[in-house]
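What follows is one structure encoded as structure tokens, with my remarks underneath.
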Amino acid sequence: MRTSLDLCFCLLTLCGITPVLYGVKVVVEEDSDAVLPCLISTEEDITGKTFDWKKDGQKDVFIYRSGFHSKNGLPDQDEQFKGRVSHFQDQLKNGNASIKIHNTKMADSGNYRCLFPLLELRQTFNIELVVGRILKDRSGETTGASPKPHITTLDQTKDWSLLQCEVRGASQEPKVEWQDSSGNILPAEEPQVSERGGRYYVTINTTVTKTGRYRCEATQEELYHQIHSETFVFINENPSTKVVIGLLFGGIVIGAALLVVVLALLVATKCITLTCIRAMTPPDMKLDDDRRVSEDRADSELTPSSICEWVMVSCDDPEMLSTTPHDMKLDDDRRVSVN
């Protein structure tokens, strides 16, 4: 049984829990959950037993009485822990009285004790909880915390936008930065810092060239305070749009060039023939057939104003291939002489 308890402490060490004299030390970050271990050496079923958790020897953190506990109506739990502490009901049969403190605060740091007052062999476990501070918005809980940054668009064109961020009235000088939506720090002008009445005023500008969300963040590391504001910027000329238009135009030009090359190859290989057929103008069309037959052939020739139509003849049509422009002229002469 002692070996089992030692193994439990080894596993806890891997989870940020380290053994200390007469107990363990649990280290967590602020706003995270903390598991405080408590496993009796006999590993007997404690579902019908009594155990208590106390902080600093005074505050009642969690009370368990044979199935009744602080979460289902048992009174006397300290106000600091109400609604934030739970136990592992399915592990009670294995002698596990561990608890979990949800959403830890800095005030939760301290010494905790797990007690089994009614066991034949009275057992007590000591746990030290250390809650590490993190950077977060502490506007409502820390004196001197920087207010929310104020963002303004100073100027904008189709290609870029000039953004300004102002932090007004911070009791300690904050570090102010511009970031993109991925958290990357953006190049910016040198921050302008002034102090009036013990308060700091910081202004910083940046120029952006892409559509997206941008963040101005103010950080006061001494206070573990960090706060930000965001803005959305739309740039009319999106580079990707230019690329698409360029590709479409290029595709049209290349397609037209390929068509010309294909037609040239077909003509060169005599698979198609381009033929010019001249049609008579409307005045000539008014002449009746008798006059055209009787008049001298010189008078019946087409005028220079005749309309020229280019006809593409495919080599797949045998009749058209056998009839050249010269043959078509002879056929016309024969029809005139017969009439």
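Going by the structure tokens order, chains are called A, B, ..., each with residues numbered from 1, while ligands are numbered from 1 in the order shown.
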
Using backbone DSSP assignments, extract all strand (DSSP E) residues from stretch 91-254 of chain A; output them as a PyMOL selection string. chain A and resi 99-101+110-116+123-132+150-156+161-170+175-180+192-196+199-208+212-220+225-233

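For stretch 198-210 of chain A, the list of residues within 7 Å, based on only C-alpha atoms and with local chain neighbours fewer than 3 positions off taken out, reads A:Asp159, A:Trp160, A:Ser161, A:Leu162, A:Leu163, A:Gln164, A:Cys165, A:Glu166, A:Val167, A:Arg168, A:Gly169, A:Ala170, A:Ser171, A:Gln172, A:Glu173, A:Pro187, A:Ala188, A:Glu189, A:Glu190, A:Pro191, A:Gln192, A:Val193, A:Ser194, A:Glu195, A:Ile235.
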
8 Å contact set for A:Lys148, only C-alpha atoms, chain neighbours under 4 positions out, as a PyMOL selection string: chain A and resi 167+218+227-229

Rank A:Val24, A:Ile185, A:Ala145, A:Leu74 by their smallest atom-to-atom distance to A:Asn111, using only C-alpha atoms, and report the top residue only.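 Going through A:Val24, A:Ile185, A:Ala145, A:Leu74 one by one, the smallest distance to A:Asn111 is for A:Val24.
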
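Among the candidates A:Gln220, A:Val261, A:Lys158, A:Val61, the one nearest to A:Asn236 when counting only C-alpha atoms is A:Lys158.
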
Pick out the closest residue to A:Tyr64 from this set: A:Gln80, A:Leu36, A:Leu118, A:Lys25. Count only C-alpha atoms. A:Leu118
